[in-house]
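Chemist: Got final-v1.pdb for you, PDB, N, CA and C atoms:
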```pdb
ATOM      1  N   ALA A   1      14.422 -10.190  -7.265
ATOM      2  CA  ALA A   1      14.380  -8.962  -6.477
ATOM      3  C   ALA A   1      15.665  -8.186  -6.675
ATOM      4  N   SER A   2      15.555  -6.889  -6.734
ATOM      5  CA  SER A   2      16.749  -6.064  -6.883
ATOM      6  C   SER A   2      17.479  -5.968  -5.553
ATOM      7  N   ILE A   3      18.743  -5.574  -5.596
ATOM      8  CA  ILE A   3      19.521  -5.397  -4.367
ATOM      9  C   ILE A   3      18.880  -4.328  -3.504
ATOM     10  N   ALA A   4      18.456  -3.220  -4.106
ATOM     11  CA  ALA A   4      17.837  -2.140  -3.339
ATOM     12  C   ALA A   4      16.580  -2.621  -2.634
ATOM     13  N   ARG A   5      15.757  -3.399  -3.324
ATOM     14  CA  ARG A   5      14.523  -3.894  -2.712
ATOM     15  C   ARG A   5      14.852  -4.826  -1.563
ATOM     16  N   THR A   6      15.817  -5.711  -1.739
ATOM     17  CA  THR A   6      16.179  -6.658  -0.685
ATOM     18  C   THR A   6      16.654  -5.926   0.556
ATOM     19  N   VAL A   7      17.509  -4.924   0.396
ATOM     20  CA  VAL A   7      18.000  -4.155   1.533
ATOM     21  C   VAL A   7      16.855  -3.412   2.189
ATOM     22  N   SER A   8      15.998  -2.776   1.406
ATOM     23  CA  SER A   8      14.863  -2.042   1.964
ATOM     24  C   SER A   8      13.966  -2.957   2.773
ATOM     25  N   VAL A   9      13.642  -4.121   2.224
ATOM     26  CA  VAL A   9      12.767  -5.063   2.923
ATOM     27  C   VAL A   9      13.378  -5.459   4.256
ATOM     28  N   ASP A  10      14.670  -5.719   4.277
ATOM     29  CA  ASP A  10      15.335  -6.121   5.518
ATOM     30  C   ASP A  10      15.311  -5.013   6.561
ATOM     31  N   LEU A  11      15.396  -3.762   6.134
ATOM     32  CA  LEU A  11      15.428  -2.636   7.067
ATOM     33  C   LEU A  11      14.048  -2.209   7.543
ATOM     34  N   ILE A  12      13.049  -2.396   6.711
ATOM     35  CA  ILE A  12      11.709  -1.890   7.020
ATOM     36  C   ILE A  12      10.993  -2.751   8.051
ATOM     37  N   GLY A  13      11.056  -4.030   7.916
ATOM     38  CA  GLY A  13      10.327  -4.911   8.817
ATOM     39  C   GLY A  13       9.523  -5.928   8.037
ATOM     40  N   PRO A  14       8.343  -6.252   8.532
ATOM     41  CA  PRO A  14       7.560  -7.357   7.967
ATOM     42  C   PRO A  14       6.822  -7.018   6.665
ATOM     43  N   VAL A  15       7.589  -6.630   5.658
ATOM     44  CA  VAL A  15       6.992  -6.242   4.382
ATOM     45  C   VAL A  15       6.251  -7.412   3.740
ATOM     46  N   ALA A  16       6.927  -8.540   3.608
ATOM     47  CA  ALA A  16       6.296  -9.703   2.977
ATOM     48  C   ALA A  16       5.051 -10.123   3.739
ATOM     49  N   GLU A  17       5.121 -10.086   5.051
ATOM     50  CA  GLU A  17       3.977 -10.468   5.878
ATOM     51  C   GLU A  17       2.817  -9.485   5.703
ATOM     52  N   ALA A  18       3.131  -8.208   5.598
ATOM     53  CA  ALA A  18       2.079  -7.199   5.409
ATOM     54  C   ALA A  18       1.412  -7.367   4.052
ATOM     55  N   ILE A  19       2.200  -7.614   3.016
ATOM     56  CA  ILE A  19       1.614  -7.801   1.683
ATOM     57  C   ILE A  19       0.797  -9.090   1.643
ATOM     58  N   GLU A  20       1.269 -10.129   2.315
ATOM     59  CA  GLU A  20       0.491 -11.372   2.375
ATOM     60  C   GLU A  20      -0.817 -11.145   3.128
ATOM     61  N   ALA A  21      -0.782 -10.362   4.202
ATOM     62  CA  ALA A  21      -2.012 -10.038   4.939
ATOM     63  C   ALA A  21      -2.988  -9.300   4.036
ATOM     64  N   ALA A  22      -2.465  -8.386   3.215
ATOM     65  CA  ALA A  22      -3.320  -7.668   2.268
ATOM     66  C   ALA A  22      -3.973  -8.635   1.294
ATOM     67  N   ARG A  23      -3.203  -9.583   0.783
ATOM     68  CA  ARG A  23      -3.759 -10.587  -0.139
ATOM     69  C   ARG A  23      -4.847 -11.417   0.544
ATOM     70  N   GLN A  24      -4.600 -11.786   1.786
ATOM     71  CA  GLN A  24      -5.583 -12.588   2.522
ATOM     72  C   GLN A  24      -6.888 -11.837   2.740
ATOM     73  N   HIS A  25      -6.824 -10.511   2.677
ATOM     74  CA  HIS A  25      -8.019  -9.688   2.850
ATOM     75  C   HIS A  25      -8.587  -9.183   1.529
ATOM     76  N   GLY A  26      -8.074  -9.703   0.401
ATOM     77  CA  GLY A  26      -8.686  -9.398  -0.882
ATOM     78  C   GLY A  26      -7.869  -8.585  -1.862
ATOM     79  N   ALA A  27      -6.685  -8.129  -1.476
ATOM     80  CA  ALA A  27      -5.841  -7.386  -2.413
ATOM     81  C   ALA A  27      -5.257  -8.351  -3.441
ATOM     82  N   VAL A  28      -4.945  -7.833  -4.616
ATOM     83  CA  VAL A  28      -4.321  -8.671  -5.642
ATOM     84  C   VAL A  28      -2.801  -8.684  -5.504
ATOM     85  N   GLY A  29      -2.250  -7.774  -4.736
ATOM     86  CA  GLY A  29      -0.811  -7.729  -4.522
ATOM     87  C   GLY A  29      -0.415  -6.446  -3.841
ATOM     88  N   GLY A  30       0.880  -6.254  -3.699
ATOM     89  CA  GLY A  30       1.366  -5.054  -3.042
ATOM     90  C   GLY A  30       2.801  -4.779  -3.417
ATOM     91  N   CYS A  31       3.311  -3.639  -2.969
ATOM     92  CA  CYS A  31       4.685  -3.265  -3.291
ATOM     93  C   CYS A  31       5.200  -2.240  -2.291
ATOM     94  N   ILE A  32       6.511  -2.029  -2.353
ATOM     95  CA  ILE A  32       7.159  -0.955  -1.610
ATOM     96  C   ILE A  32       7.200   0.260  -2.530
ATOM     97  N   SER A  33       6.934   1.427  -1.978
ATOM     98  CA  SER A  33       7.013   2.656  -2.767
ATOM     99  C   SER A  33       8.247   3.429  -2.335
ATOM    100  N   GLY A  34       9.021   3.862  -3.302
ATOM    101  CA  GLY A  34      10.221   4.640  -2.997
ATOM    102  C   GLY A  34      11.210   3.839  -2.187
ATOM    103  N   SER A  35      11.788   4.471  -1.173
ATOM    104  CA  SER A  35      12.789   3.804  -0.346
ATOM    105  C   SER A  35      12.153   2.944   0.731
ATOM    106  N   GLY A  36      10.857   2.896   0.756
ATOM    107  CA  GLY A  36      10.184   2.014   1.689
ATOM    108  C   GLY A  36       9.382   2.706   2.763
ATOM    109  N   SER A  37       9.226   3.991   2.656
ATOM    110  CA  SER A  37       8.404   4.676   3.662
ATOM    111  C   SER A  37       6.926   4.366   3.459
ATOM    112  N   THR A  38       6.585   3.800   2.310
ATOM    113  CA  THR A  38       5.198   3.469   1.996
ATOM    114  C   THR A  38       5.114   2.069   1.417
ATOM    115  N   LEU A  39       4.126   1.329   1.885
ATOM    116  CA  LEU A  39       3.750   0.073   1.247
ATOM    117  C   LEU A  39       2.395   0.315   0.616
ATOM    118  N   ALA A  40       2.151  -0.303  -0.507
ATOM    119  CA  ALA A  40       0.862  -0.159  -1.174
ATOM    120  C   ALA A  40       0.309  -1.531  -1.490
ATOM    121  N   ALA A  41      -0.993  -1.652  -1.377
ATOM    122  CA  ALA A  41      -1.700  -2.865  -1.802
ATOM    123  C   ALA A  41      -2.716  -2.429  -2.851
ATOM    124  N   PHE A  42      -2.992  -3.336  -3.758
ATOM    125  CA  PHE A  42      -3.894  -3.023  -4.862
ATOM    126  C   PHE A  42      -5.129  -3.905  -4.804
ATOM    127  N   VAL A  43      -6.290  -3.271  -4.834
ATOM    128  CA  VAL A  43      -7.575  -3.971  -4.751
ATOM    129  C   VAL A  43      -8.344  -3.689  -6.033
ATOM    130  N   MET A  44      -8.810  -4.741  -6.674
ATOM    131  CA  MET A  44      -9.526  -4.581  -7.945
ATOM    132  C   MET A  44     -11.033  -4.801  -7.794
ATOM    133  N   GLU A  45     -11.438  -5.567  -6.813
ATOM    134  CA  GLU A  45     -12.851  -5.912  -6.638
ATOM    135  C   GLU A  45     -13.554  -4.893  -5.748
ATOM    136  N   PRO A  46     -14.634  -4.282  -6.226
ATOM    137  CA  PRO A  46     -15.358  -3.304  -5.414
ATOM    138  C   PRO A  46     -15.919  -3.876  -4.111
ATOM    139  N   SER A  47     -16.119  -5.181  -4.057
ATOM    140  CA  SER A  47     -16.694  -5.793  -2.858
ATOM    141  C   SER A  47     -15.684  -5.929  -1.716
ATOM    142  N   VAL A  48     -14.396  -5.738  -1.990
ATOM    143  CA  VAL A  48     -13.364  -5.869  -0.964
ATOM    144  C   VAL A  48     -13.353  -4.618  -0.084
ATOM    145  N   ASP A  49     -13.339  -4.816   1.226
ATOM    146  CA  ASP A  49     -13.281  -3.703   2.174
ATOM    147  C   ASP A  49     -11.830  -3.229   2.269
ATOM    148  N   VAL A  50     -11.516  -2.147   1.582
ATOM    149  CA  VAL A  50     -10.134  -1.681   1.515
ATOM    150  C   VAL A  50      -9.603  -1.213   2.871
ATOM    151  N   ALA A  51     -10.479  -0.741   3.737
ATOM    152  CA  ALA A  51     -10.035  -0.346   5.079
ATOM    153  C   ALA A  51      -9.526  -1.567   5.841
ATOM    154  N   ASN A  52     -10.163  -2.710   5.652
ATOM    155  CA  ASN A  52      -9.688  -3.942   6.300
ATOM    156  C   ASN A  52      -8.341  -4.377   5.738
ATOM    157  N   VAL A  53      -8.151  -4.200   4.440
ATOM    158  CA  VAL A  53      -6.869  -4.523   3.812
ATOM    159  C   VAL A  53      -5.770  -3.673   4.446
ATOM    160  N   ALA A  54      -6.006  -2.375   4.524
ATOM    161  CA  ALA A  54      -5.015  -1.459   5.090
ATOM    162  C   ALA A  54      -4.730  -1.779   6.549
ATOM    163  N   GLN A  55      -5.775  -2.062   7.308
ATOM    164  CA  GLN A  55      -5.596  -2.370   8.728
ATOM    165  C   GLN A  55      -4.820  -3.662   8.916
ATOM    166  N   ALA A  56      -5.087  -4.653   8.098
ATOM    167  CA  ALA A  56      -4.369  -5.931   8.193
ATOM    168  C   ALA A  56      -2.874  -5.723   7.962
ATOM    169  N   MET A  57      -2.532  -4.856   7.015
ATOM    170  CA  MET A  57      -1.116  -4.566   6.768
ATOM    171  C   MET A  57      -0.489  -3.891   7.988
ATOM    172  N   CYS A  58      -1.179  -2.928   8.555
ATOM    173  CA  CYS A  58      -0.654  -2.216   9.730
ATOM    174  C   CYS A  58      -0.466  -3.144  10.920
ATOM    175  N   GLU A  59      -1.355  -4.105  11.062
ATOM    176  CA  GLU A  59      -1.270  -5.033  12.188
ATOM    177  C   GLU A  59       0.001  -5.873  12.158
ATOM    178  N   ARG A  60       0.504  -6.194  10.965
ATOM    179  CA  ARG A  60       1.763  -6.951  10.885
ATOM    180  C   ARG A  60       2.902  -6.147  11.500
ATOM    181  N   PHE A  61       2.884  -4.831  11.308
ATOM    182  CA  PHE A  61       3.918  -3.985  11.899
ATOM    183  C   PHE A  61       3.687  -3.817  13.399
ATOM    184  N   ALA A  62       2.435  -3.676  13.804
ATOM    185  CA  ALA A  62       2.118  -3.520  15.226
ATOM    186  C   ALA A  62       2.600  -4.723  16.034
ATOM    187  N   GLU A  63       2.581  -5.897  15.422
ATOM    188  CA  GLU A  63       3.032  -7.115  16.111
ATOM    189  C   GLU A  63       4.486  -7.033  16.552
ATOM    190  N   ILE A  64       5.288  -6.189  15.894
ATOM    191  CA  ILE A  64       6.689  -6.048  16.298
ATOM    192  C   ILE A  64       6.975  -4.652  16.869
ATOM    193  N   GLY A  65       5.907  -3.936  17.239
ATOM    194  CA  GLY A  65       6.058  -2.660  17.920
ATOM    195  C   GLY A  65       6.251  -1.447  17.031
ATOM    196  N   ILE A  66       5.942  -1.573  15.739
ATOM    197  CA  ILE A  66       6.059  -0.436  14.826
ATOM    198  C   ILE A  66       4.665   0.092  14.517
ATOM    199  N   THR A  67       4.465   1.388  14.739
ATOM    200  CA  THR A  67       3.189   2.008  14.427
ATOM    201  C   THR A  67       3.140   2.367  12.950
ATOM    202  N   ALA A  68       2.121   1.894  12.271
ATOM    203  CA  ALA A  68       1.912   2.217  10.861
ATOM    204  C   ALA A  68       0.571   2.927  10.738
ATOM    205  N   HIS A  69       0.466   3.811   9.778
ATOM    206  CA  HIS A  69      -0.746   4.606   9.596
ATOM    207  C   HIS A  69      -1.391   4.255   8.256
ATOM    208  N   PRO A  70      -2.583   3.652   8.295
ATOM    209  CA  PRO A  70      -3.233   3.273   7.034
ATOM    210  C   PRO A  70      -3.808   4.477   6.300
ATOM    211  N   ARG A  71      -3.688   4.443   5.003
ATOM    212  CA  ARG A  71      -4.295   5.454   4.139
ATOM    213  C   ARG A  71      -4.959   4.710   2.985
ATOM    214  N   VAL A  72      -6.147   5.095   2.650
ATOM    215  CA  VAL A  72      -6.856   4.490   1.524
ATOM    216  C   VAL A  72      -7.047   5.574   0.473
ATOM    217  N   VAL A  73      -6.581   5.314  -0.718
ATOM    218  CA  VAL A  73      -6.707   6.266  -1.819
ATOM    219  C   VAL A  73      -7.278   5.549  -3.034
ATOM    220  N   SER A  74      -7.794   6.327  -3.942
ATOM    221  CA  SER A  74      -8.319   5.795  -5.199
ATOM    222  C   SER A  74      -7.567   6.424  -6.352
ATOM    223  N   PRO A  75      -7.378   5.675  -7.421
ATOM    224  CA  PRO A  75      -6.670   6.255  -8.565
ATOM    225  C   PRO A  75      -7.509   7.334  -9.246
ATOM    226  N   GLN A  76      -6.822   8.295  -9.805
ATOM    227  CA  GLN A  76      -7.478   9.325 -10.603
ATOM    228  C   GLN A  76      -7.230   8.965 -12.063
ATOM    229  N   LEU A  77      -8.245   8.640 -12.776
ATOM    230  CA  LEU A  77      -8.098   8.124 -14.123
ATOM    231  C   LEU A  77      -8.004   9.200 -15.196
ATOM    232  N   ARG A  78      -8.133  10.453 -14.819
ATOM    233  CA  ARG A  78      -8.137  11.504 -15.829
ATOM    234  C   ARG A  78      -6.741  12.056 -16.129
ATOM    235  N   GLY A  79      -5.704  11.567 -15.498
ATOM    236  CA  GLY A  79      -4.353  12.063 -15.747
ATOM    237  C   GLY A  79      -4.076  13.335 -14.966
ATOM    238  N   ALA A  80      -3.002  14.016 -15.336
ATOM    239  CA  ALA A  80      -2.633  15.251 -14.648
ATOM    240  C   ALA A  80      -3.748  16.286 -14.817
ATOM    241  N   TRP A  81      -4.060  16.975 -13.731
ATOM    242  CA  TRP A  81      -5.202  17.879 -13.747
ATOM    243  C   TRP A  81      -4.903  19.111 -12.907
ATOM    244  N   ASP A  82      -5.247  20.252 -13.426
ATOM    245  CA  ASP A  82      -5.145  21.518 -12.729
ATOM    246  C   ASP A  82      -6.566  22.062 -12.619
ATOM    247  N   ASP A  83      -7.059  22.275 -11.406
ATOM    248  CA  ASP A  83      -8.442  22.722 -11.239
ATOM    249  C   ASP A  83      -8.750  24.032 -11.979
ATOM    250  N   ALA A  84      -7.758  24.877 -12.117
ATOM    251  CA  ALA A  84      -7.979  26.157 -12.791
ATOM    252  C   ALA A  84      -7.928  26.018 -14.320
ATOM    253  N   ARG A  85      -7.073  25.119 -14.824
ATOM    254  CA  ARG A  85      -6.874  25.026 -16.273
ATOM    255  C   ARG A  85      -7.449  23.755 -16.900
ATOM    256  N   GLY A  86      -7.768  22.781 -16.089
ATOM    257  CA  GLY A  86      -8.225  21.510 -16.640
ATOM    258  C   GLY A  86      -7.062  20.577 -16.880
ATOM    259  N   SER A  87      -7.144  19.822 -17.938
ATOM    260  CA  SER A  87      -6.124  18.824 -18.246
ATOM    261  C   SER A  87      -4.755  19.486 -18.458
ATOM    262  N   VAL A  88      -3.731  18.855 -17.899
ATOM    263  CA  VAL A  88      -2.356  19.334 -18.058
ATOM    264  C   VAL A  88      -1.611  18.320 -18.906
ATOM    265  N   GLY A  89      -1.060  18.779 -20.006
ATOM    266  CA  GLY A  89      -0.269  17.884 -20.855
ATOM    267  C   GLY A  89      -1.081  17.265 -21.876
TER
END
```
Now, as a test, write the supplied structure out as structure tokens.

Modeler:
Amino acid sequence: ASIARTVSVDLIGPVAEAIEAARQHGAVGGCISGSGSTLAAFVMEPSVDVANVAQAMCERFAEIGITAHPRVVSPQLRGAWDDARGSVG
């Protein structure tokens, strides 16, 4: 682990626990994004309920009084895109 990641994890809260909760609900893993304002979990199997994965992560924070807001997104496989011009780059 890098020094920055170690410091971020210590300041953010139950990062390891949230990522483990995501794994227990079907995610293949997770990470901190940026300085730690976002945690992400990755789900590869279509049968996994991603909303449950996100909620399980939030619950680890709720246990220590931190409100977390789950967001579920899907990757865009087409690369950079401009609706007016189409593909960018």

Chemist: Report as a PyMOL selection string the residues that result from applying the PyMOL selection byres ((chain A and resi 25-28) around 7) to the structure here.

Modeler: chain A and resi 20-24+29-30+41-45+48-49+52-53

Chemist: Please dump the current selection as a compact mmCIF listing (two decimals), in the coordinates of the input; keep N, CA and C atoms.

Modeler:
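Written output follows (result.txt):
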```txt
# COMPACT_ATOMS: atom_id res chain seq x y z
N GLU A 20 1.27 -10.13 2.32
CA GLU A 20 0.49 -11.37 2.38
C GLU A 20 -0.82 -11.14 3.13
N ALA A 21 -0.78 -10.36 4.20
CA ALA A 21 -2.01 -10.04 4.94
C ALA A 21 -2.99 -9.30 4.04
N ALA A 22 -2.46 -8.39 3.22
CA ALA A 22 -3.32 -7.67 2.27
C ALA A 22 -3.97 -8.64 1.29
N ARG A 23 -3.20 -9.58 0.78
CA ARG A 23 -3.76 -10.59 -0.14
C ARG A 23 -4.85 -11.42 0.54
N GLN A 24 -4.60 -11.79 1.79
CA GLN A 24 -5.58 -12.59 2.52
C GLN A 24 -6.89 -11.84 2.74
N GLY A 29 -2.25 -7.77 -4.74
CA GLY A 29 -0.81 -7.73 -4.52
C GLY A 29 -0.42 -6.45 -3.84
N GLY A 30 0.88 -6.25 -3.70
CA GLY A 30 1.37 -5.05 -3.04
C GLY A 30 2.80 -4.78 -3.42
N ALA A 41 -0.99 -1.65 -1.38
CA ALA A 41 -1.70 -2.86 -1.80
C ALA A 41 -2.72 -2.43 -2.85
N PHE A 42 -2.99 -3.34 -3.76
CA PHE A 42 -3.89 -3.02 -4.86
C PHE A 42 -5.13 -3.90 -4.80
N VAL A 43 -6.29 -3.27 -4.83
CA VAL A 43 -7.58 -3.97 -4.75
C VAL A 43 -8.34 -3.69 -6.03
N MET A 44 -8.81 -4.74 -6.67
CA MET A 44 -9.53 -4.58 -7.94
C MET A 44 -11.03 -4.80 -7.79
N GLU A 45 -11.44 -5.57 -6.81
CA GLU A 45 -12.85 -5.91 -6.64
C GLU A 45 -13.55 -4.89 -5.75
N VAL A 48 -14.40 -5.74 -1.99
CA VAL A 48 -13.36 -5.87 -0.96
C VAL A 48 -13.35 -4.62 -0.08
N ASP A 49 -13.34 -4.82 1.23
CA ASP A 49 -13.28 -3.70 2.17
C ASP A 49 -11.83 -3.23 2.27
N ASN A 52 -10.16 -2.71 5.65
CA ASN A 52 -9.69 -3.94 6.30
C ASN A 52 -8.34 -4.38 5.74
N VAL A 53 -8.15 -4.20 4.44
CA VAL A 53 -6.87 -4.52 3.81
C VAL A 53 -5.77 -3.67 4.45
```

Chemist: Would you return as number ranges by chain the members of chain A that DSSP assigns to helix (DSSP H, G or I) on this structure's backbone?

Modeler: A: 3-12, 15-24, 50-62

Chemist: Which distance in Å separates atom C of Met57 in chain A and atom N of Ala18 in chain A, to one decimal?

Modeler: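 Between these atoms lies a distance of 6.1 Å.
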
Chemist: So how many Å separate CA of Ala56 in chain A and CA of Ala68 in chain A, to one decimal?

Modeler: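 A separation of 10.6 Å between them.
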
Chemist: What separation in Å, quoted to one decimal, exists between atom N of Ala16 in chain A and atom N of Val50 in chain A?

Modeler: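 Between these atoms lies a distance of 19.6 Å.
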
Chemist: Would you fill the gaps in range 16-27 of chain A so it has all heavy atoms, then print it as a tab-separated table (two decimals), in the frame of the given file?

Modeler:
```tsv
chain	number	residue	atom	x	y	z
A	16	ALA	N	6.93	-8.54	3.61
A	16	ALA	CA	6.30	-9.70	2.98
A	16	ALA	C	5.05	-10.12	3.74
A	16	ALA	O	4.02	-10.46	3.14
A	16	ALA	CB	7.29	-10.85	2.88
A	17	GLU	N	5.12	-10.09	5.05
A	17	GLU	CA	3.98	-10.47	5.88
A	17	GLU	C	2.82	-9.48	5.70
A	17	GLU	O	1.65	-9.89	5.67
A	17	GLU	CB	4.38	-10.55	7.36
A	17	GLU	CG	5.35	-11.66	7.66
A	17	GLU	CD	6.83	-11.25	7.48
A	17	GLU	OE1	7.11	-10.21	6.85
A	17	GLU	OE2	7.69	-11.99	7.98
A	18	ALA	N	3.13	-8.21	5.60
A	18	ALA	CA	2.08	-7.20	5.41
A	18	ALA	C	1.41	-7.37	4.05
A	18	ALA	O	0.18	-7.28	3.94
A	18	ALA	CB	2.67	-5.79	5.54
A	19	ILE	N	2.20	-7.61	3.02
A	19	ILE	CA	1.61	-7.80	1.68
A	19	ILE	C	0.80	-9.09	1.64
A	19	ILE	O	-0.29	-9.11	1.05
A	19	ILE	CB	2.70	-7.75	0.60
A	19	ILE	CG1	3.26	-6.32	0.52
A	19	ILE	CG2	2.16	-8.20	-0.75
A	19	ILE	CD1	4.47	-6.15	-0.37
A	20	GLU	N	1.27	-10.13	2.32
A	20	GLU	CA	0.49	-11.37	2.38
A	20	GLU	C	-0.82	-11.14	3.13
A	20	GLU	O	-1.87	-11.67	2.74
A	20	GLU	CB	1.30	-12.49	3.02
A	20	GLU	CG	0.56	-13.80	3.11
A	20	GLU	CD	0.06	-14.33	1.77
A	20	GLU	OE1	0.69	-14.07	0.72
A	20	GLU	OE2	-0.98	-15.03	1.77
A	21	ALA	N	-0.78	-10.36	4.20
A	21	ALA	CA	-2.01	-10.04	4.94
A	21	ALA	C	-2.99	-9.30	4.04
A	21	ALA	O	-4.20	-9.55	4.06
A	21	ALA	CB	-1.68	-9.20	6.17
A	22	ALA	N	-2.46	-8.39	3.22
A	22	ALA	CA	-3.32	-7.67	2.27
A	22	ALA	C	-3.97	-8.64	1.29
A	22	ALA	O	-5.17	-8.55	1.03
A	22	ALA	CB	-2.51	-6.62	1.51
A	23	ARG	N	-3.20	-9.58	0.78
A	23	ARG	CA	-3.76	-10.59	-0.14
A	23	ARG	C	-4.85	-11.42	0.54
A	23	ARG	O	-5.88	-11.71	-0.05
A	23	ARG	CB	-2.65	-11.51	-0.65
A	23	ARG	CG	-1.77	-10.89	-1.68
A	23	ARG	CD	-0.84	-11.95	-2.29
A	23	ARG	NE	0.12	-11.35	-3.16
A	23	ARG	CZ	1.43	-11.32	-2.92
A	23	ARG	NH1	1.93	-11.88	-1.85
A	23	ARG	NH2	2.24	-10.73	-3.78
A	24	GLN	N	-4.60	-11.79	1.79
A	24	GLN	CA	-5.58	-12.59	2.52
A	24	GLN	C	-6.89	-11.84	2.74
A	24	GLN	O	-7.93	-12.44	2.95
A	24	GLN	CB	-5.00	-13.04	3.87
A	24	GLN	CG	-3.90	-14.06	3.71
A	24	GLN	CD	-3.21	-14.37	5.03
A	24	GLN	OE1	-3.51	-13.80	6.08
A	24	GLN	NE2	-2.25	-15.28	4.98
A	25	HIS	N	-6.82	-10.51	2.68
A	25	HIS	CA	-8.02	-9.69	2.85
A	25	HIS	C	-8.59	-9.18	1.53
A	25	HIS	O	-9.45	-8.32	1.52
A	25	HIS	CB	-7.72	-8.53	3.80
A	25	HIS	CG	-7.66	-8.95	5.23
A	25	HIS	ND1	-6.55	-9.55	5.77
A	25	HIS	CD2	-8.59	-8.91	6.20
A	25	HIS	CE1	-6.80	-9.84	7.04
A	25	HIS	NE2	-8.03	-9.46	7.33
A	26	GLY	N	-8.07	-9.70	0.40
A	26	GLY	CA	-8.69	-9.40	-0.88
A	26	GLY	C	-7.87	-8.59	-1.86
A	26	GLY	O	-8.31	-8.35	-2.98
A	27	ALA	N	-6.68	-8.13	-1.48
A	27	ALA	CA	-5.84	-7.39	-2.41
A	27	ALA	C	-5.26	-8.35	-3.44
A	27	ALA	O	-5.08	-9.54	-3.16
A	27	ALA	CB	-4.71	-6.68	-1.67
```
